[in-house]
file final_30.pdb (PDB, C-alpha atoms)
ATOM      1  CA  MET D1320      87.526 112.596 152.022  1.00  0.00           C
ATOM      2  CA  THR D1321      89.249 111.894 148.723  1.00  0.00           C
ATOM      3  CA  LYS D1322      87.283 111.924 145.560  1.00  0.00           C
ATOM      4  CA  TYR D1323      87.114 108.692 143.558  1.00  0.00           C
ATOM      5  CA  PHE D1324      88.998 108.918 140.281  1.00  0.00           C
ATOM      6  CA  ASP D1325      88.396 106.354 137.568  1.00  0.00           C
ATOM      7  CA  PHE D1326      91.743 106.095 135.805  1.00  0.00           C
ATOM      8  CA  VAL D1327      91.363 104.775 132.269  1.00  0.00           C
ATOM      9  CA  TRP D1328      94.847 103.888 131.044  1.00  0.00           C
ATOM     10  CA  ARG D1329      93.750 102.153 127.896  1.00  0.00           C
ATOM     11  CA  LYS D1330      93.561 104.089 124.638  1.00  0.00           C
ATOM     12  CA  GLU D1331      91.768 102.684 121.638  1.00  0.00           C
ATOM     13  CA  VAL D1332      94.092 101.272 118.995  1.00  0.00           C
ATOM     14  CA  ASP D1333      92.721 101.627 115.476  1.00  0.00           C
ATOM     15  CA  ALA D1334      91.505  98.331 114.010  1.00  0.00           C
ATOM     16  CA  LYS D1335      93.659  98.840 110.896  1.00  0.00           C
ATOM     17  CA  LEU D1336      96.797  98.891 113.052  1.00  0.00           C
ATOM     18  CA  GLN D1337      95.710  95.701 114.830  1.00  0.00           C
ATOM     19  CA  GLU D1338      94.856  93.916 111.558  1.00  0.00           C
ATOM     20  CA  GLY D1339      98.209  94.920 110.130  1.00  0.00           C
ATOM     21  CA  ALA D1340      99.617  95.973 106.792  1.00  0.00           C
ATOM     22  CA  VAL D1341     102.261  94.546 104.480  1.00  0.00           C
ATOM     23  CA  PHE D1342     105.461  96.508 103.869  1.00  0.00           C
ATOM     24  CA  ASP D1343     108.968  95.833 102.613  1.00  0.00           C
ATOM     25  CA  ARG D1344     111.379  96.091 105.545  1.00  0.00           C
ATOM     26  CA  TRP D1345     115.099  96.711 105.464  1.00  0.00           C
ATOM     27  CA  THR D1346     117.959  97.725 107.702  1.00  0.00           C
ATOM     28  CA  GLU D1347     121.289  99.063 106.512  1.00  0.00           C
ATOM     29  CA  GLU D1348     124.727  98.823 108.035  1.00  0.00           C
ATOM     30  CA  LYS D1349     127.880 100.382 106.582  1.00  0.00           C
ATOM     31  CA  GLU D1350     128.610  97.661 104.033  1.00  0.00           C
ATOM     32  CA  SER D1351     125.545  95.429 104.125  1.00  0.00           C
ATOM     33  CA  TYR D1352     121.779  95.393 104.340  1.00  0.00           C
ATOM     34  CA  GLU D1353     118.973  93.052 105.328  1.00  0.00           C
ATOM     35  CA  TYR D1354     115.868  93.086 103.123  1.00  0.00           C
ATOM     36  CA  GLU D1355     112.528  91.434 103.909  1.00  0.00           C
ATOM     37  CA  PRO D1356     109.854  91.849 101.220  1.00  0.00           C
ATOM     38  CA  ASN D1357     106.161  91.513 102.057  1.00  0.00           C
ATOM     39  CA  CYS D1358     106.576  91.832 105.802  1.00  0.00           C
ATOM     40  CA  LEU D1359     103.362  91.970 107.868  1.00  0.00           C
ATOM     41  CA  PHE D1360     103.358  94.688 110.570  1.00  0.00           C
ATOM     42  CA  LYS D1361     100.793  94.806 113.405  1.00  0.00           C
ATOM     43  CA  VAL D1362     100.264  96.737 116.634  1.00  0.00           C
ATOM     44  CA  ASP D1363      98.919  94.895 119.691  1.00  0.00           C
ATOM     45  CA  GLU D1364      95.476  95.688 121.101  1.00  0.00           C
ATOM     46  CA  TYR D1365      96.918  97.891 123.871  1.00  0.00           C
ATOM     47  CA  GLY D1366      99.323  99.842 121.650  1.00  0.00           C
ATOM     48  CA  PHE D1367     102.424  98.677 123.519  1.00  0.00           C
ATOM     49  CA  PHE D1368     104.179  96.639 120.818  1.00  0.00           C
ATOM     50  CA  VAL D1369     104.701  96.544 117.063  1.00  0.00           C
ATOM     51  CA  TYR D1370     105.203  93.083 115.560  1.00  0.00           C
ATOM     52  CA  TRP D1371     106.535  92.135 112.143  1.00  0.00           C
ATOM     53  CA  LYS D1372     106.888  88.828 110.336  1.00  0.00           C
ATOM     54  CA  SER D1373     108.078  87.848 106.871  1.00  0.00           C
ATOM     55  CA  ASP D1374     107.453  84.552 105.118  1.00  0.00           C
ATOM     56  CA  GLY D1375     110.081  82.012 106.081  1.00  0.00           C
ATOM     57  CA  LYS D1376     111.577  84.183 108.847  1.00  0.00           C
ATOM     58  CA  GLU D1377     111.081  84.441 112.572  1.00  0.00           C
ATOM     59  CA  GLY D1378     108.865  87.259 113.768  1.00  0.00           C
ATOM     60  CA  ASN D1379     110.170  90.240 115.718  1.00  0.00           C
ATOM     61  CA  VAL D1380     108.698  92.679 118.187  1.00  0.00           C
ATOM     62  CA  ALA D1381     109.590  96.185 119.365  1.00  0.00           C
ATOM     63  CA  GLU D1382     108.241  97.968 122.396  1.00  0.00           C
ATOM     64  CA  LEU D1383     106.643 101.202 121.205  1.00  0.00           C
ATOM     65  CA  SER D1384     107.872 103.076 124.282  1.00  0.00           C
ATOM     66  CA  GLN D1385     111.361 102.643 122.757  1.00  0.00           C
ATOM     67  CA  VAL D1386     110.327 104.325 119.482  1.00  0.00           C
ATOM     68  CA  SER D1387     111.804 107.811 119.459  1.00  0.00           C
ATOM     69  CA  ASP D1388     110.637 108.978 116.037  1.00  0.00           C
ATOM     70  CA  ILE D1389     108.607 107.944 113.014  1.00  0.00           C
ATOM     71  CA  ARG D1390     109.318 110.020 109.944  1.00  0.00           C
ATOM     72  CA  ARG D1391     109.292 110.032 106.184  1.00  0.00           C
ATOM     73  CA  GLY D1392     111.705 107.485 104.776  1.00  0.00           C
ATOM     74  CA  THR D1393     114.557 108.036 102.343  1.00  0.00           C
ATOM     75  CA  MET D1394     116.105 105.847  99.688  1.00  0.00           C
ATOM     76  CA  PRO D1395     118.649 103.302 100.905  1.00  0.00           C
ATOM     77  CA  LYS D1396     122.300 104.097 100.288  1.00  0.00           C
ATOM     78  CA  ASP D1397     122.973 100.638  98.851  1.00  0.00           C
ATOM     79  CA  TYR D1398     122.481 100.816  95.072  1.00  0.00           C
ATOM     80  CA  LYS D1399     121.236  97.222  94.686  1.00  0.00           C
ATOM     81  CA  LEU D1400     118.604  97.638  97.389  1.00  0.00           C
ATOM     82  CA  ALA D1401     117.491 101.006  96.013  1.00  0.00           C
ATOM     83  CA  ASP D1402     117.130  99.422  92.566  1.00  0.00           C
ATOM     84  CA  LYS D1403     115.018  96.560  93.996  1.00  0.00           C
ATOM     85  CA  LEU D1404     112.678  99.044  95.640  1.00  0.00           C
ATOM     86  CA  LEU D1405     112.403 101.264  92.551  1.00  0.00           C
ATOM     87  CA  THR D1406     111.650  98.238  90.371  1.00  0.00           C
ATOM     88  CA  LYS D1407     108.977  96.957  92.733  1.00  0.00           C
ATOM     89  CA  HIS D1408     107.326 100.238  93.783  1.00  0.00           C
ATOM     90  CA  GLY D1409     108.014 102.687  90.940  1.00  0.00           C
ATOM     91  CA  GLN D1410     109.449 106.197  90.868  1.00  0.00           C
ATOM     92  CA  ASP D1411     107.225 107.426  93.719  1.00  0.00           C
ATOM     93  CA  VAL D1412     108.741 104.861  96.098  1.00  0.00           C
ATOM     94  CA  GLU D1413     109.861 107.566  98.566  1.00  0.00           C
ATOM     95  CA  GLU D1414     106.232 108.636  98.979  1.00  0.00           C
ATOM     96  CA  LYS D1415     105.530 105.120 100.303  1.00  0.00           C
ATOM     97  CA  MET D1416     108.395 104.963 102.834  1.00  0.00           C
ATOM     98  CA  LEU D1417     108.642 105.624 106.537  1.00  0.00           C
ATOM     99  CA  THR D1418     111.450 105.273 109.023  1.00  0.00           C
ATOM    100  CA  ILE D1419     110.954 103.995 112.565  1.00  0.00           C
ATOM    101  CA  CYS D1420     113.757 105.072 114.922  1.00  0.00           C
ATOM    102  CA  SER D1421     114.113 103.205 118.203  1.00  0.00           C
ATOM    103  CA  GLY D1422     116.544 102.389 120.946  1.00  0.00           C
ATOM    104  CA  PRO D1423     117.905 103.918 124.111  1.00  0.00           C
TER     105      PRO D1423
END
call {"tool": "encode", "arguments": {"input": "final_30.pdb", "output": "structure tokens"}}
result
Amino acid sequence: MTKYFDFVWRKEVDAKLQEGAVFDRWTEEKESYEYEPNCLFKVDEYGFFVYWKSDGKEGNVAELSQVSDIRRGTMPKDYKLADKLLTKHGQDVEEKMLTICSGP
């Protein structure tokens, strides 16, 4: 006879991740960038998705299974964007950055 196995697939997601935190978000392309200051990031209660929303913009979502790496961030290549971040966050801005890499 087979033994009963109680499979618990759900892992606890820290309350701070579910409540969210405010970050500045940007993406860079070769000649342009998109900058969203004061963007609220949250993780859903099951830890499957990360959501973000900025004032006046539509929200977005990414499936965390598509995240391949989360690492320390680096300064943007665009001078104007880098200057905005330095002005807002000070010289230790790189200590406050992280990069989320995703996609197939």
call {"tool": "resolve_selection", "arguments": {"input": "final_30.pdb", "expression": "the PyMOL selection byres ((chain D and resi 1327-1343) around 12)", "output": "ChimeraX atom specification"}}
result
/D:1324-1326,1344-1346,1353-1374,1400-1401,1403-1405,1407-1408,1412,1415-1418
call {"tool": "write_last_selection", "arguments": {"input": "final_30.pdb", "atoms": "C-alpha atoms", "output": "compact mmCIF listing (two decimals), keeping the file's coordinate frame"}}
result
# COMPACT_ATOMS: atom_id res chain seq x y z
CA PHE D 1324 89.00 108.92 140.28
CA ASP D 1325 88.40 106.35 137.57
CA PHE D 1326 91.74 106.10 135.80
CA ARG D 1344 111.38 96.09 105.54
CA TRP D 1345 115.10 96.71 105.46
CA THR D 1346 117.96 97.72 107.70
CA GLU D 1353 118.97 93.05 105.33
CA TYR D 1354 115.87 93.09 103.12
CA GLU D 1355 112.53 91.43 103.91
CA PRO D 1356 109.85 91.85 101.22
CA ASN D 1357 106.16 91.51 102.06
CA CYS D 1358 106.58 91.83 105.80
CA LEU D 1359 103.36 91.97 107.87
CA PHE D 1360 103.36 94.69 110.57
CA LYS D 1361 100.79 94.81 113.40
CA VAL D 1362 100.26 96.74 116.63
CA ASP D 1363 98.92 94.90 119.69
CA GLU D 1364 95.48 95.69 121.10
CA TYR D 1365 96.92 97.89 123.87
CA GLY D 1366 99.32 99.84 121.65
CA PHE D 1367 102.42 98.68 123.52
CA PHE D 1368 104.18 96.64 120.82
CA VAL D 1369 104.70 96.54 117.06
CA TYR D 1370 105.20 93.08 115.56
CA TRP D 1371 106.54 92.14 112.14
CA LYS D 1372 106.89 88.83 110.34
CA SER D 1373 108.08 87.85 106.87
CA ASP D 1374 107.45 84.55 105.12
CA LEU D 1400 118.60 97.64 97.39
CA ALA D 1401 117.49 101.01 96.01
CA LYS D 1403 115.02 96.56 94.00
CA LEU D 1404 112.68 99.04 95.64
CA LEU D 1405 112.40 101.26 92.55
CA LYS D 1407 108.98 96.96 92.73
CA HIS D 1408 107.33 100.24 93.78
CA VAL D 1412 108.74 104.86 96.10
CA LYS D 1415 105.53 105.12 100.30
CA MET D 1416 108.40 104.96 102.83
CA LEU D 1417 108.64 105.62 106.54
CA THR D 1418 111.45 105.27 109.02
call {"tool": "atom_distance", "arguments": {"input": "final_30.pdb", "atom1": "atom CA of Gly1422 of chain D", "atom2": "atom CA of Val1386 of chain D"}}
result
6.7 Å
call {"tool": "atom_distance", "arguments": {"input": "final_30.pdb", "atom1": "atom CA of Ser1421 of chain D", "atom2": "atom CA of Glu1350 of chain D"}}
result
21.0 Å
call {"tool": "resolve_selection", "arguments": {"input": "final_30.pdb", "expression": "the PyMOL selection byres ((chain D and resi 1395-1397) around 8)", "output": "count of residues only"}}
result
9
call {"tool": "atom_distance", "arguments": {"input": "final_30.pdb", "atom1": "atom CA of Glu1413 of chain D", "atom2": "atom CA of Ile1389 of chain D"}}
result
14.5 Å
call {"tool": "closest_residue", "arguments": {"input": "final_30.pdb", "among": "D:Val1380, D:Gly1375, D:Ile1419, D:Tyr1323", "to": "Gly1392 of chain D", "atoms": "only C-alpha atoms"}}
result
D:Ile1419
